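Working notes for the structure below.
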Amino acid sequence: MNARTAPPLPTSLDADLVTRSARTVVATEAAAALALESRIGPEFVEACRLILGCKGRVVVSGMGKSGHIGRKVAATLASTGTPAFFVHPGEASHGDLGMILPQDVVLALSYSGETDELLLILPVIKRQGIPLIAITGRPTSSLATQADVHLDGSISSEACPLGLAPTTSTTVALVWGDALAIALLEARGFTSDDFARSHPAGALGRRLLLHISDVMHTGDDVPKVSPDAGITAALVEMTRKHLGMTAVVDADQRLLGVFTDGDLRRALDDEGVDLRGATVAELMTRGPKTIGADKLAAEAAQLMEKYQIHALLVVDDEQRVVGALNIHDLLRARVV
């Protein structure tokens, strides 16, 4: 009876050895990925043409490590404007082939190009006239020769020193998939707003979809005083509205300036200022930074960071104050 035993555990770690190993892996895979640049030509263009002309979805398939890469490629395509999903080739032979329709395009990944599970479903795909794009490491393989378009993913060696674990080959397949996704993204004119719509729950979605109007204070919650208001009145308004500043507006609500905590501290440090008799117009900051309600909340964060300020007034096209927000509003919205 053959008992499988675990290899002995090393008694110590050779730092130089593991460092050299890691650097070799990085160099090997980087060189293989760079070699793909010279292979981008008519076949790549044809693959993009087939996918752009697809009335259905891109169906990605692969076994083992190629399958894991295929799942990621399908996810990247789907999130960048190309509808796609992954079908396991083994499951496809047991009913999941019904998920693949004549208006789809199939993208098959197999380094050897001889994966039995993929070859088994090829006749059904071809019989339905479904375009087939293959990424393999062997242009003369069965999968490559039966494909409508073949993308060459051949490598000189795996990063695995035993030459067994798919490492460089899967990296190359992933790079091919990313190249397709980004080329298609640009060909479609896919925008950051389009990207955000498929990522509404994440940080990217919040940054790309949330507008100033979604987070700003409005109506009576906006701190405002007239230019002839005294410092006490301005401080009361700032305290009630909790934004650390108040807008100074004329009778038509047009912005004249802003009075902040910083303006107050500077006034306190100036012996020439009579705080009891001064009006807010004498101490306010003129020409403050403002933003429009239709701008992205992320733009407000950029303005605050650039000018080292903690609050912004929101104005319309005629410089009327319509809202206000501060850094805490952006933090609550998880924009920053």
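Just so we're on the same page: first chain in the structure tokens is A, next is B, and so on; residues restart at 1 for each chain, and ligands are numbered from 1 in the order they show up.
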Using only C-alpha atoms, determine which residues lie at most 7 Å from A:Leu119, disregarding the query and same-chain residues fewer than 4 positions distant; provide the list as a PDB file with C-alpha atoms, in the first residue's frame.
ATOM      1  CA  GLU A 114      -6.384  19.896 -26.423  1.00  0.00           C
ATOM      2  CA  THR A 115      -8.592  20.101 -23.325  1.00  0.00           C
ATOM      3  CA  LEU A 143      -8.804  24.140 -30.484  1.00  0.00           C
TER       4      LEU A 143
END
So that I can see what lies close to stretch 234-247 of chain A, please list as a ChimeraX atom specification the residues with an atom at most 6 Å from it, counting only C-alpha atoms and leaving out residues fewer than 3 positions away in the same chain. /A:221,223-224,231,258-260
What are the nearest atom pairs, with distances in Å to one decimal, for all residues of stretch 69-153 of chain A that come at most 12 Å from stretch 46-59 of chain A, using only C-alpha atoms, set out by chain and rising residue number as JSON lines?
{"residue": "A:Gly70", "atom": "CA", "partner": "A:Val59", "partner_atom": "CA", "distance": 9.5}
{"residue": "A:Arg71", "atom": "CA", "partner": "A:Val59", "partner_atom": "CA", "distance": 10.0}
{"residue": "A:Val73", "atom": "CA", "partner": "A:Val58", "partner_atom": "CA", "distance": 10.2}
{"residue": "A:Ala74", "atom": "CA", "partner": "A:Val59", "partner_atom": "CA", "distance": 7.6}
{"residue": "A:Ala75", "atom": "CA", "partner": "A:Val58", "partner_atom": "CA", "distance": 10.7}
{"residue": "A:Thr76", "atom": "CA", "partner": "A:Val58", "partner_atom": "CA", "distance": 11.4}
{"residue": "A:Leu77", "atom": "CA", "partner": "A:Val58", "partner_atom": "CA", "distance": 8.3}
{"residue": "A:Ala78", "atom": "CA", "partner": "A:Val58", "partner_atom": "CA", "distance": 8.8}
{"residue": "A:Gly81", "atom": "CA", "partner": "A:Leu52", "partner_atom": "CA", "distance": 10.3}
{"residue": "A:Thr82", "atom": "CA", "partner": "A:Arg57", "partner_atom": "CA", "distance": 7.4}
{"residue": "A:Pro83", "atom": "CA", "partner": "A:Arg57", "partner_atom": "CA", "distance": 5.1}
{"residue": "A:Ala84", "atom": "CA", "partner": "A:Val58", "partner_atom": "CA", "distance": 4.4}
{"residue": "A:Phe85", "atom": "CA", "partner": "A:Val59", "partner_atom": "CA", "distance": 5.4}
{"residue": "A:Phe86", "atom": "CA", "partner": "A:Val59", "partner_atom": "CA", "distance": 5.8}
{"residue": "A:Val87", "atom": "CA", "partner": "A:Val59", "partner_atom": "CA", "distance": 6.6}
{"residue": "A:His88", "atom": "CA", "partner": "A:Val59", "partner_atom": "CA", "distance": 9.9}
{"residue": "A:Pro89", "atom": "CA", "partner": "A:Val59", "partner_atom": "CA", "distance": 10.7}
{"residue": "A:Ala92", "atom": "CA", "partner": "A:Val59", "partner_atom": "CA", "distance": 11.3}
{"residue": "A:Asp96", "atom": "CA", "partner": "A:Val59", "partner_atom": "CA", "distance": 11.4}
{"residue": "A:Leu97", "atom": "CA", "partner": "A:Val59", "partner_atom": "CA", "distance": 10.4}
{"residue": "A:Gly98", "atom": "CA", "partner": "A:Val59", "partner_atom": "CA", "distance": 11.8}
{"residue": "A:Met99", "atom": "CA", "partner": "A:Val59", "partner_atom": "CA", "distance": 8.8}
{"residue": "A:Ile100", "atom": "CA", "partner": "A:Val59", "partner_atom": "CA", "distance": 7.1}
{"residue": "A:Leu101", "atom": "CA", "partner": "A:Gly56", "partner_atom": "CA", "distance": 7.6}
{"residue": "A:Pro102", "atom": "CA", "partner": "A:Gly56", "partner_atom": "CA", "distance": 8.2}
{"residue": "A:Gln103", "atom": "CA", "partner": "A:Gly56", "partner_atom": "CA", "distance": 4.9}
{"residue": "A:Asp104", "atom": "CA", "partner": "A:Gly56", "partner_atom": "CA", "distance": 4.5}
{"residue": "A:Val105", "atom": "CA", "partner": "A:Val58", "partner_atom": "CA", "distance": 4.8}
{"residue": "A:Val106", "atom": "CA", "partner": "A:Val59", "partner_atom": "CA", "distance": 4.7}
{"residue": "A:Leu107", "atom": "CA", "partner": "A:Val59", "partner_atom": "CA", "distance": 6.0}
{"residue": "A:Ala108", "atom": "CA", "partner": "A:Val59", "partner_atom": "CA", "distance": 8.2}
{"residue": "A:Leu109", "atom": "CA", "partner": "A:Val59", "partner_atom": "CA", "distance": 11.1}
{"residue": "A:Ile125", "atom": "CA", "partner": "A:Val59", "partner_atom": "CA", "distance": 11.1}
{"residue": "A:Ile130", "atom": "CA", "partner": "A:Cys54", "partner_atom": "CA", "distance": 9.9}
{"residue": "A:Pro131", "atom": "CA", "partner": "A:Leu50", "partner_atom": "CA", "distance": 7.4}
{"residue": "A:Leu132", "atom": "CA", "partner": "A:Ala47", "partner_atom": "CA", "distance": 9.0}
{"residue": "A:Ile133", "atom": "CA", "partner": "A:Ala47", "partner_atom": "CA", "distance": 6.6}
{"residue": "A:Ala134", "atom": "CA", "partner": "A:Ala47", "partner_atom": "CA", "distance": 9.4}
{"residue": "A:Ile135", "atom": "CA", "partner": "A:Ala47", "partner_atom": "CA", "distance": 10.7}
{"residue": "A:Ala147", "atom": "CA", "partner": "A:Ala47", "partner_atom": "CA", "distance": 10.7}
{"residue": "A:Asp148", "atom": "CA", "partner": "A:Ala47", "partner_atom": "CA", "distance": 8.6}
{"residue": "A:Val149", "atom": "CA", "partner": "A:Ala47", "partner_atom": "CA", "distance": 6.2}
{"residue": "A:His150", "atom": "CA", "partner": "A:Ala47", "partner_atom": "CA", "distance": 8.3}
{"residue": "A:Leu151", "atom": "CA", "partner": "A:Ala47", "partner_atom": "CA", "distance": 8.5}
Which residues in stretch 154-286 of chain A does DSSP call alpha helix (DSSP H)? List them as a ChimeraX atom specification. /A:168-188,192-197,203-209,212-215,231-241,261-268,280-283
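Of the residues under consideration (A:Leu185, A:Leu36, A:Val25, A:Ala281), A:Val25 shows the shortest atom-to-atom contact distance to A:Pro166 when counting only C-alpha atoms.
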Applying 9 Å and only C-alpha atoms, which residues near stretch 289-304 of chain A remain after dropping the ones on its own chain fewer than 4 positions away? List them as a PyMOL selection string. chain A and resi 206-216+308-317+322-323+325-327+330+335-336
Selection from above, C-alpha atoms, as a CSV table (one decimal), in the first residue's frame, can you write it?
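Wrote part_29.csv, looks like this:
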chain,number,residue,atom,x,y,z
A,206,ARG,CA,-19.9,56.3,-4.9
A,207,ARG,CA,-17.1,58.5,-6.3
A,208,LEU,CA,-18.4,58.4,-9.9
A,209,LEU,CA,-22.2,58.6,-9.3
A,210,LEU,CA,-22.7,60.8,-6.2
A,211,HIS,CA,-23.3,64.4,-7.0
A,212,ILE,CA,-23.1,67.5,-4.9
A,213,SER,CA,-26.9,67.8,-4.9
A,214,ASP,CA,-27.0,64.3,-3.2
A,215,VAL,CA,-24.9,65.4,-0.1
A,216,MET,CA,-25.3,69.2,0.3
A,308,GLN,CA,-6.8,73.0,2.3
A,309,ILE,CA,-10.4,74.0,3.2
A,310,HIS,CA,-13.1,72.1,5.0
A,311,ALA,CA,-16.3,73.4,3.6
A,312,LEU,CA,-17.8,74.7,0.3
A,313,LEU,CA,-20.7,76.8,-0.7
A,314,VAL,CA,-22.9,75.6,-3.6
A,315,VAL,CA,-24.0,78.2,-6.1
A,316,ASP,CA,-26.1,78.4,-9.2
A,317,ASP,CA,-25.2,80.0,-12.5
A,322,VAL,CA,-28.3,77.1,-3.0
A,323,GLY,CA,-26.4,74.8,-0.7
A,325,LEU,CA,-21.3,71.0,2.5
A,326,ASN,CA,-18.2,70.2,4.5
A,327,ILE,CA,-15.7,67.4,4.7
A,330,LEU,CA,-18.2,63.7,2.2
A,335,VAL,CA,-16.5,59.7,-0.9
A,336,VAL,CA,-13.3,60.3,1.0
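For the residues A:Arg320, A:Arg23, A:Ser12, A:Asp116, ranking by smallest atom-to-atom distance to A:Gly64 using only C-alpha atoms places A:Asp116 first.
When only C-alpha atoms are used to measure the gap to A:Leu122, the shortest distance among A:Val273, A:Cys160, A:Gly257, A:Ser61 belongs to A:Ser61.
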Atom pair atom CA of A:Pro123 + atom CA of A:Leu174, distance 25.9 Å
